[in-house]
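Enquirer: Here it is: the structure, laid out below.
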Amino acid sequence: MQYNHRDAEARVKAFWKDQEVYKVEVNTSKPKYYVLDMFPYPSGAGLHVGHPLGYIASDIYSRYKRQSGYNVLHPMGYDAFGLPAEQYAIQTGVHPADSTAKNIQQYRSQLDNIGFDYDWSREVQTCDPKYYKWTQWIFIQLFEHYYCTKSNKAKPIADLIKHLGAKGTSELTAFGGNETNVTSEEWKAMTAVEQAQLLMQYRLAYRKESFVNWCEELGTVLANDEVKDGVSERGGYPVIKKPMLQWSLRITAYAERLLEGLNTLEWSESLKTIQRNWIGKSSGAQVFFKLENSDDAIEVFTTRPDTIFGVTYMVLAPEHDLVKEITTPGQQAEVEAYVAMASAKSEIDRMAEQKTVSGAFTGAFAKHPFTGNPLPIWISEYVLKDYGTGAIMAVPAEDARDNRFAKQFDLPITQVQDKSQFPDAQIGDKVGRMINSDFLNGLKVKEAIKLAIQRLYDSGVGSRQRNYKLRDANYSRQRYWGEPFPIVYNREQIAQTLTLAELPLELPELEDFKPTREGKSPLARVESWTNTDSGKRETDTMPGFAGSSWYFLRYMDSTNDDVFVSEEAVNYWKEVDLYIGGTEHAVGHLMYSRFWHKFLYDLGYVPTQEPFKKLINQGMIQGVIESIYLDKNKHDGSNRFLCAGLAKQEGLEHFTPIPIHIDFVTDYGSENSHINLDGIKKFLDWRPEYKDAIFECSKGIFQNGKFTSKTGDDSLLITHSEVGKMSKSKYNVINPDHIIEQYGADCFRMYEMFLGPIEQSKPWDTNGIEGVSKFIKKFWSLYFDENQTLRVTDEDASKEQLATLHKAIQKVKKDIEGFSFNTCVSAFMVAVNELKKSQTSSKKVLQPLLKLLAPFAPFLTEHIWLELGNTSSIHLSEYPIFEEKYLQSDSIIYPVCVNGKKRADLETSPDTDKDTLIELAKALSPMQKWLSEGEVVKTIVVPNRMINFVIKSG
RNA sequence: GCCGACGUGGCGGAAUUGGUAGACGCGCUGGAUUCAAAAUCCAGUUCUUUCGGGAGUGUGGGUUCGAUUCCCACCGUCGGUACCA
């Protein structure tokens, strides 16, 4: 008889529920530990085998911590607002709330099947008004605060107003717009609208013009994801970048603190590097280039002010405000065409474009700040509007991109650095001494930068400046399925916030989810909702990251209706101790959450500066995408599918790969992946539009249900396999429920861990799960005999058995703490193989072993634990303690090497001294041959590790 | 393009401070058991070999008595690139 996972899991689930094993409360008598999983978005495809990878790891860790005496908070909830639900609603008319609720239900049942230890009483859903009430409240706080650069924290706008009334903008230490300077009298004389506009320059949540992907034909704003190659993914219509008034968050105010905070975090160096690069701090100079024939100036930021005499032209981003103004009539047509071309491209495409250099001359010139020489002003897509000032001074001698550009358009190149002493130096290397640079001549780069900045400052055309690549976050979406802004515009169009009592501002009911033709959110159509006594409501909604930027705080006190989190709860749980999730969130979610957390810290609502102390990145479990090649040209009016090999011969450019359901494919993911006759029939049932298609492979042709063989063999249409995301649209989603049904949840959990290191990505492959399944059966057979009778006794364990146990305890504990779960599974297998061999039935070994396995296999171990007569859960039991004394051994085996290569083994006692070791090793019979081949020139003995002879053959 | 990660048998992977390359598992081969199969158990399994060895951790170089591990250059794959979440 063997372990029946279906019965055991049902019994154990009921037991956990009945005993409320995972319910957790503030308990000051125990140390706290907060384990968090990244918020899932409940997609319509359900949970696939990739999602739980991190969840299983955090579940193991949280169970380990609980057994080690901690009060563990391990919650779960849903990031439930989002684009896919809205898209689904537009297509099917199903309300996003309904489809989302259904998806959440599906996720919940799948999560429960895996046996996670979540305290579900703390679940949150971002689309729940009880939750988003507080998302709206935090937004109001951001709106009502500015960033003080002197005290380095957020302060109330009321303080700012007081200052403006007393001193105007002089001595103002507020982060933000330095465009406008006013005296207190001017401030007082301003109209309410003007005052509101000035304050917008400082608010942490503010409105400004930002660029959106605008699709005229669809009459809507598109997400980057919905744009492919400059056209809409749906319909293939052109998409351009269009400026629109949008809410933004002034995350740039926190750039320095976000950078510094990284030093305090236990995150991987690579992740911190990603964030540092994203923030992109650089120091250099701000320089103004006056325009010829105009009072305006072009502001640039440069990290290389030393090369100022190498500037031979200027480049503006095509979207730069000045472009329209300065373009001469003769150049207008060319410039407009170029701007239109560039606005149709995504930022990635623009940055990735390296081989072809493009640009257009505006006809205008700027003046060099020192020489007064005219500098032609160009526009080019390699300069981005939102990076720095959207303009650059071009130094083709010291910048590779400028250099290519200058060569392409025959612009002059002035060398400013003598690098003759450094033959290997590349463009941009900061070596050599300055030449052709007036007062900078002869200086080294470092000195030249200093002096150049000084002279710019003295001439009133520049100054030292720090720059950050980080940009303010666009916070508006023209969508229905997101948090409504708690904002009403009064008759003067001034934004007013709602009071706490008026929150939550709920989404109105809606039947048509299409956006309006002007590109506004569908909310704009609900006049009964948008019109209020005090004015019109904001119709944009908040982006996906709004709800997920603070959810970890809500878990601490998820049902509190008076505050977003109580002081008592947040002072006990403090911050997340361990956060597990994918690297895809490296700069989005993880940056926004840190920003919000620091803001809430400034306001005194949270006691920590950083929300996530330790972070582990889980790799992705990828899917295999299988596709078959469809000829782009029809053959005799029929579609034609071709074997992958034949398609390659004819040239893949003539074919479109059509992704197919992996269930139809035999040997999917391998070189021989193919669909056989049965697979083709399944494919045709699934995609009837291809029912007349020809399927051609090297062995014959299939059409209209009949296979005509050329060789007498069966048909095998070779498919194309590639590794990629597991996604509903690629028809390659693998549902954990199926695996669990067949093998049990514990086997599924352990197999996912066994696949490899948690942080590594790998394609899903069910081959190999048998090994884990066998392990579970073997483990079971240590506790029960063939008649399902408990075979555990009180007899003593042998020395070897205890050594096996303690070797396992030591290894598993160490590996859990090092997040190396795959090697834990191996360690369990080794232990069970050894114990099985020695036929132990001693409770002194088997009970600790059960506890050791509990975090990995919570159902199996709980079931056996209860069978052993225990009444409270094994997951509340104490973790086994490792004792060194059981591992002491009276012999050690040294590898004996010649020139680093192992040639013999030497078994000896651990306290043998060095000279004896050498003597013993030299005496070994396999060594005679090697020693006779030459002279020993060196002998290396590493205690307890190895012995190496360096032999020189003579 | 830029930023980050990864690359080891037929396959997933192990070797965490430079010290026995291939733990553990899958697959495969042979055997035991069985009327037979499944299941289970035992043995073998990097390649090559004249059976002494030799080669071998993406490629090419370097440091070292010794390199999967450290350094340099390159190739490939994956993730992010600011409105997918």
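Within each chain, counting starts at residue 1; across the structure tokens, chains are named A, B, ... in the order shown, with ligands numbered 1 upward in that order.
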Please identify all polymer residues within 10 Å of Ala352 of chain A, counting only C-alpha atoms (C1' of nucleotides), omitting same-chain residues fewer than 5 positions from it, and present them as a PyMOL selection string.

Expert: (chain A and resi 346-347+382) or (chain B and resi 1-2)

Enquirer: Write out as a ChimeraX atom specification all residues of segment 428-610 of chain A that backbone DSSP assigns to strand (DSSP E).

Expert: /A:433-434,462-467,473-474,487-489,495-497,531-532,535-537,576-582

Enquirer: Taking only C-alpha atoms (C1' of nucleotides) into account, which of B:C42, B:U69, B:U50, B:G76 comes nearest U16 of chain B?

Expert: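 With only C-alpha atoms (C1' of nucleotides) as the atom set, the closest residue is B:U69.
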
Enquirer: Which one of A:Glu689, A:Asp349, A:Glu334, A:Asp295 sits closest to chain B if you count only C-alpha atoms (C1' of nucleotides)?

Expert: A:Asp349

Enquirer: Skipping near chain neighbours, those fewer than 2 positions away, what residues fall within 8 Å of Leu523 of chain A using only C-alpha atoms (C1' of nucleotides), listed as a ChimeraX atom specification?

Expert: /A:479-480,508,520-521,525-526,529-530,539-540

Enquirer: So which residues touch G10 of chain B within 12 Å, counting only C-alpha atoms (C1' of nucleotides), skipping near sequence neighbours fewer than 5 positions away, as a list in words?

Expert: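 Neighbouring residues, sequence-local ones excluded: Ser670 of chain A; C26, G27, C28, U45 and U46 of chain B.
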
Enquirer: Quick one: which residues from chain A are at most 7 Å off chain B, using only C-alpha atoms (C1' of nucleotides), as a short mmCIF file (atom, residue, chain, number, x, y, z; two decimals) with all heavy atoms, in the first residue's frame?

Expert:
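Output contents, as saved in out.cif:
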data_model
loop_
_atom_site.label_atom_id
_atom_site.label_comp_id
_atom_site.auth_asym_id
_atom_site.auth_seq_id
_atom_site.Cartn_x
_atom_site.Cartn_y
_atom_site.Cartn_z
N TYR A 41 -1.28 39.21 -10.40
CA TYR A 41 -2.41 39.76 -11.15
C TYR A 41 -3.26 38.57 -11.58
O TYR A 41 -2.75 37.67 -12.25
CB TYR A 41 -1.92 40.54 -12.38
CG TYR A 41 -3.07 40.97 -13.26
CD1 TYR A 41 -3.84 42.08 -12.90
CD2 TYR A 41 -3.43 40.24 -14.38
CE1 TYR A 41 -4.93 42.45 -13.66
CE2 TYR A 41 -4.52 40.61 -15.15
CZ TYR A 41 -5.26 41.71 -14.79
OH TYR A 41 -6.36 42.07 -15.53
N ALA A 223 -1.39 51.30 -24.40
CA ALA A 223 -0.23 50.94 -23.55
C ALA A 223 0.92 50.56 -24.47
O ALA A 223 0.69 50.14 -25.60
CB ALA A 223 -0.59 49.77 -22.65
N ASN A 224 2.15 50.67 -23.99
CA ASN A 224 3.31 50.29 -24.80
C ASN A 224 3.17 48.87 -25.31
O ASN A 224 3.61 48.54 -26.40
CB ASN A 224 4.60 50.40 -23.98
CG ASN A 224 4.97 51.83 -23.72
OD1 ASN A 224 4.53 52.74 -24.43
ND2 ASN A 224 5.75 52.06 -22.68
N ASP A 225 2.56 48.04 -24.45
CA ASP A 225 2.38 46.63 -24.76
C ASP A 225 1.46 46.41 -25.95
O ASP A 225 1.51 45.37 -26.59
CB ASP A 225 1.75 45.96 -23.53
CG ASP A 225 2.44 44.66 -23.23
OD1 ASP A 225 3.66 44.61 -23.38
OD2 ASP A 225 1.75 43.71 -22.83
N SER A 270 23.24 42.71 -8.21
CA SER A 270 22.80 43.01 -9.58
C SER A 270 21.51 43.83 -9.56
O SER A 270 21.34 44.75 -10.35
CB SER A 270 22.61 41.72 -10.38
OG SER A 270 21.65 40.90 -9.78
N ILE A 274 20.92 47.56 -11.02
CA ILE A 274 19.86 47.93 -11.95
C ILE A 274 19.19 49.22 -11.46
O ILE A 274 18.96 50.16 -12.22
CB ILE A 274 18.82 46.80 -12.09
CG1 ILE A 274 19.44 45.60 -12.81
CG2 ILE A 274 17.60 47.28 -12.85
CD1 ILE A 274 18.54 44.38 -12.88
N ASN A 277 21.49 52.26 -11.78
CA ASN A 277 21.57 52.71 -13.16
C ASN A 277 20.29 53.39 -13.61
O ASN A 277 20.30 54.29 -14.43
CB ASN A 277 21.88 51.54 -14.10
CG ASN A 277 23.28 51.01 -13.88
OD1 ASN A 277 24.14 51.74 -13.38
ND2 ASN A 277 23.51 49.76 -14.23
N ILE A 348 12.23 52.46 -27.28
CA ILE A 348 13.17 51.35 -27.43
C ILE A 348 13.70 51.31 -28.85
O ILE A 348 14.90 51.19 -29.07
CB ILE A 348 12.49 50.00 -27.09
CG1 ILE A 348 12.13 49.97 -25.62
CG2 ILE A 348 13.40 48.84 -27.45
CD1 ILE A 348 11.42 48.73 -25.20
N MET A 351 16.18 54.07 -29.37
CA MET A 351 17.48 53.86 -28.74
C MET A 351 18.23 52.73 -29.43
O MET A 351 19.45 52.75 -29.51
CB MET A 351 17.30 53.48 -27.28
CG MET A 351 16.44 54.44 -26.51
SD MET A 351 17.41 55.76 -25.82
CE MET A 351 18.19 54.88 -24.50
N ALA A 352 17.49 51.72 -29.87
CA ALA A 352 18.12 50.54 -30.45
C ALA A 352 18.68 50.83 -31.83
O ALA A 352 19.57 50.15 -32.31
CB ALA A 352 17.12 49.39 -30.52
N GLU A 353 18.13 51.85 -32.47
CA GLU A 353 18.58 52.21 -33.82
C GLU A 353 20.01 52.71 -33.77
O GLU A 353 20.27 53.80 -33.29
CB GLU A 353 17.64 53.30 -34.37
CG GLU A 353 17.72 53.47 -35.87
CD GLU A 353 17.35 52.21 -36.63
OE1 GLU A 353 16.16 51.92 -36.76
OE2 GLU A 353 18.29 51.53 -37.08
N GLN A 354 20.94 51.90 -34.24
CA GLN A 354 22.34 52.27 -34.13
C GLN A 354 23.00 52.34 -35.50
O GLN A 354 23.84 53.20 -35.74
CB GLN A 354 23.09 51.22 -33.29
CG GLN A 354 23.12 51.58 -31.83
CD GLN A 354 24.29 52.49 -31.52
OE1 GLN A 354 25.42 52.18 -31.82
NE2 GLN A 354 24.01 53.62 -30.92
N GLU A 584 11.50 41.08 -13.11
CA GLU A 584 10.79 41.98 -14.01
C GLU A 584 10.25 43.20 -13.27
O GLU A 584 9.91 44.20 -13.87
CB GLU A 584 9.68 41.24 -14.76
CG GLU A 584 8.53 40.72 -13.91
CD GLU A 584 8.77 39.29 -13.40
OE1 GLU A 584 9.95 38.88 -13.32
OE2 GLU A 584 7.79 38.62 -13.06
N LEU A 755 13.89 21.49 -9.48
CA LEU A 755 14.24 21.87 -10.86
C LEU A 755 15.56 22.61 -10.96
O LEU A 755 16.23 22.57 -11.99
CB LEU A 755 13.15 22.75 -11.45
CG LEU A 755 11.95 22.05 -12.06
CD1 LEU A 755 10.92 23.07 -12.49
CD2 LEU A 755 12.37 21.21 -13.26
N GLY A 756 15.91 23.36 -9.93
CA GLY A 756 17.15 24.13 -10.01
C GLY A 756 17.12 25.31 -9.06
O GLY A 756 16.17 25.46 -8.30
N ASN A 767 9.25 15.90 -17.27
CA ASN A 767 10.13 14.73 -17.18
C ASN A 767 11.00 14.87 -15.94
O ASN A 767 11.64 15.88 -15.76
CB ASN A 767 11.04 14.64 -18.40
CG ASN A 767 10.28 14.22 -19.63
OD1 ASN A 767 9.31 13.48 -19.54
ND2 ASN A 767 10.68 14.74 -20.77
N GLY A 768 11.01 13.88 -15.13
CA GLY A 768 11.84 13.97 -13.94
C GLY A 768 11.01 14.03 -12.67
O GLY A 768 11.53 13.80 -11.59
N GLY A 771 11.05 11.03 -10.22
CA GLY A 771 12.09 10.87 -9.21
C GLY A 771 11.61 11.36 -7.85
O GLY A 771 11.85 10.71 -6.82
N SER A 826 17.73 17.24 -2.70
CA SER A 826 18.76 16.20 -2.87
C SER A 826 19.17 15.62 -1.52
O SER A 826 19.34 14.41 -1.39
CB SER A 826 20.01 16.79 -3.54
OG SER A 826 19.71 17.28 -4.80
N PRO A 895 42.21 13.25 -1.18
CA PRO A 895 42.61 13.01 -2.57
C PRO A 895 44.09 13.36 -2.72
O PRO A 895 44.53 14.38 -2.20
CB PRO A 895 41.74 13.98 -3.37
CG PRO A 895 41.36 15.04 -2.41
CD PRO A 895 41.41 14.46 -1.04
N ASN A 899 50.22 17.35 -9.94
CA ASN A 899 49.99 18.54 -10.77
C ASN A 899 48.50 18.92 -10.83
O ASN A 899 47.98 19.30 -11.88
CB ASN A 899 50.54 18.34 -12.18
CG ASN A 899 52.05 18.15 -12.16
OD1 ASN A 899 52.73 18.65 -11.26
ND2 ASN A 899 52.57 17.41 -13.12
N GLY A 900 47.83 18.78 -9.72
CA GLY A 900 46.44 19.23 -9.64
C GLY A 900 45.42 18.19 -10.09
O GLY A 900 44.22 18.42 -10.02
N LYS A 902 43.79 14.38 -9.66
CA LYS A 902 43.72 13.33 -8.64
C LYS A 902 44.23 11.98 -9.17
O LYS A 902 43.85 11.55 -10.25
CB LYS A 902 42.28 13.17 -8.18
CG LYS A 902 42.15 12.21 -7.01
CD LYS A 902 40.71 11.79 -6.83
CE LYS A 902 40.68 10.41 -6.18
NZ LYS A 902 39.36 9.80 -6.22
N ARG A 945 41.59 18.79 3.20
CA ARG A 945 41.11 19.03 1.85
C ARG A 945 41.80 18.16 0.82
O ARG A 945 41.17 17.33 0.17
CB ARG A 945 41.31 20.51 1.48
CG ARG A 945 40.12 21.37 1.82
CD ARG A 945 39.43 21.75 0.55
NE ARG A 945 38.04 21.47 0.55
CZ ARG A 945 37.09 22.37 0.78
NH1 ARG A 945 37.40 23.59 1.14
NH2 ARG A 945 35.83 22.05 0.67
N MET A 946 43.13 18.34 0.67
CA MET A 946 43.82 17.61 -0.39
C MET A 946 45.35 17.69 -0.24
O MET A 946 45.88 18.51 0.49
CB MET A 946 43.42 18.14 -1.76
CG MET A 946 43.58 19.62 -1.94
SD MET A 946 45.12 20.13 -2.69
CE MET A 946 44.92 19.42 -4.30
N VAL A 950 53.75 18.60 -6.99
CA VAL A 950 54.12 19.19 -8.27
C VAL A 950 55.35 18.44 -8.76
O VAL A 950 56.40 18.47 -8.13
CB VAL A 950 54.43 20.69 -8.12
CG1 VAL A 950 54.72 21.30 -9.49
CG2 VAL A 950 53.26 21.39 -7.45
#

Enquirer: Using only C-alpha atoms (C1' of nucleotides), which protein or nucleic acid residues come within 9 Å of segment 851-868 of chain A? Drop anything in the same chain fewer than 5 positions from it, and give the result as a ChimeraX atom specification.

Expert: /A:3,5,8-9,11-13,56-57,59-64,67,115-116,745-747,749-750,753,776,780,783,790,792,808-809,812-813,825,828,846,873-875,877-880

Enquirer: Using only C-alpha atoms (C1' of nucleotides), which residues sit within 10 Å of Asn787 of chain A once same-chain residues fewer than 3 positions away are excluded, as a count of residues only?

Expert: 5

Enquirer: Please provide as a list of chain:residue names all residues within 12 Å of G61 of chain B, with the sequence filter that same-chain residues fewer than 2 positions apart are discarded (counting only C-alpha atoms (C1' of nucleotides)).

Expert: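 Counting only C-alpha atoms (C1' of nucleotides), the residues come to B:U59, B:U63, B:C71, B:C72, B:A73, B:C74.
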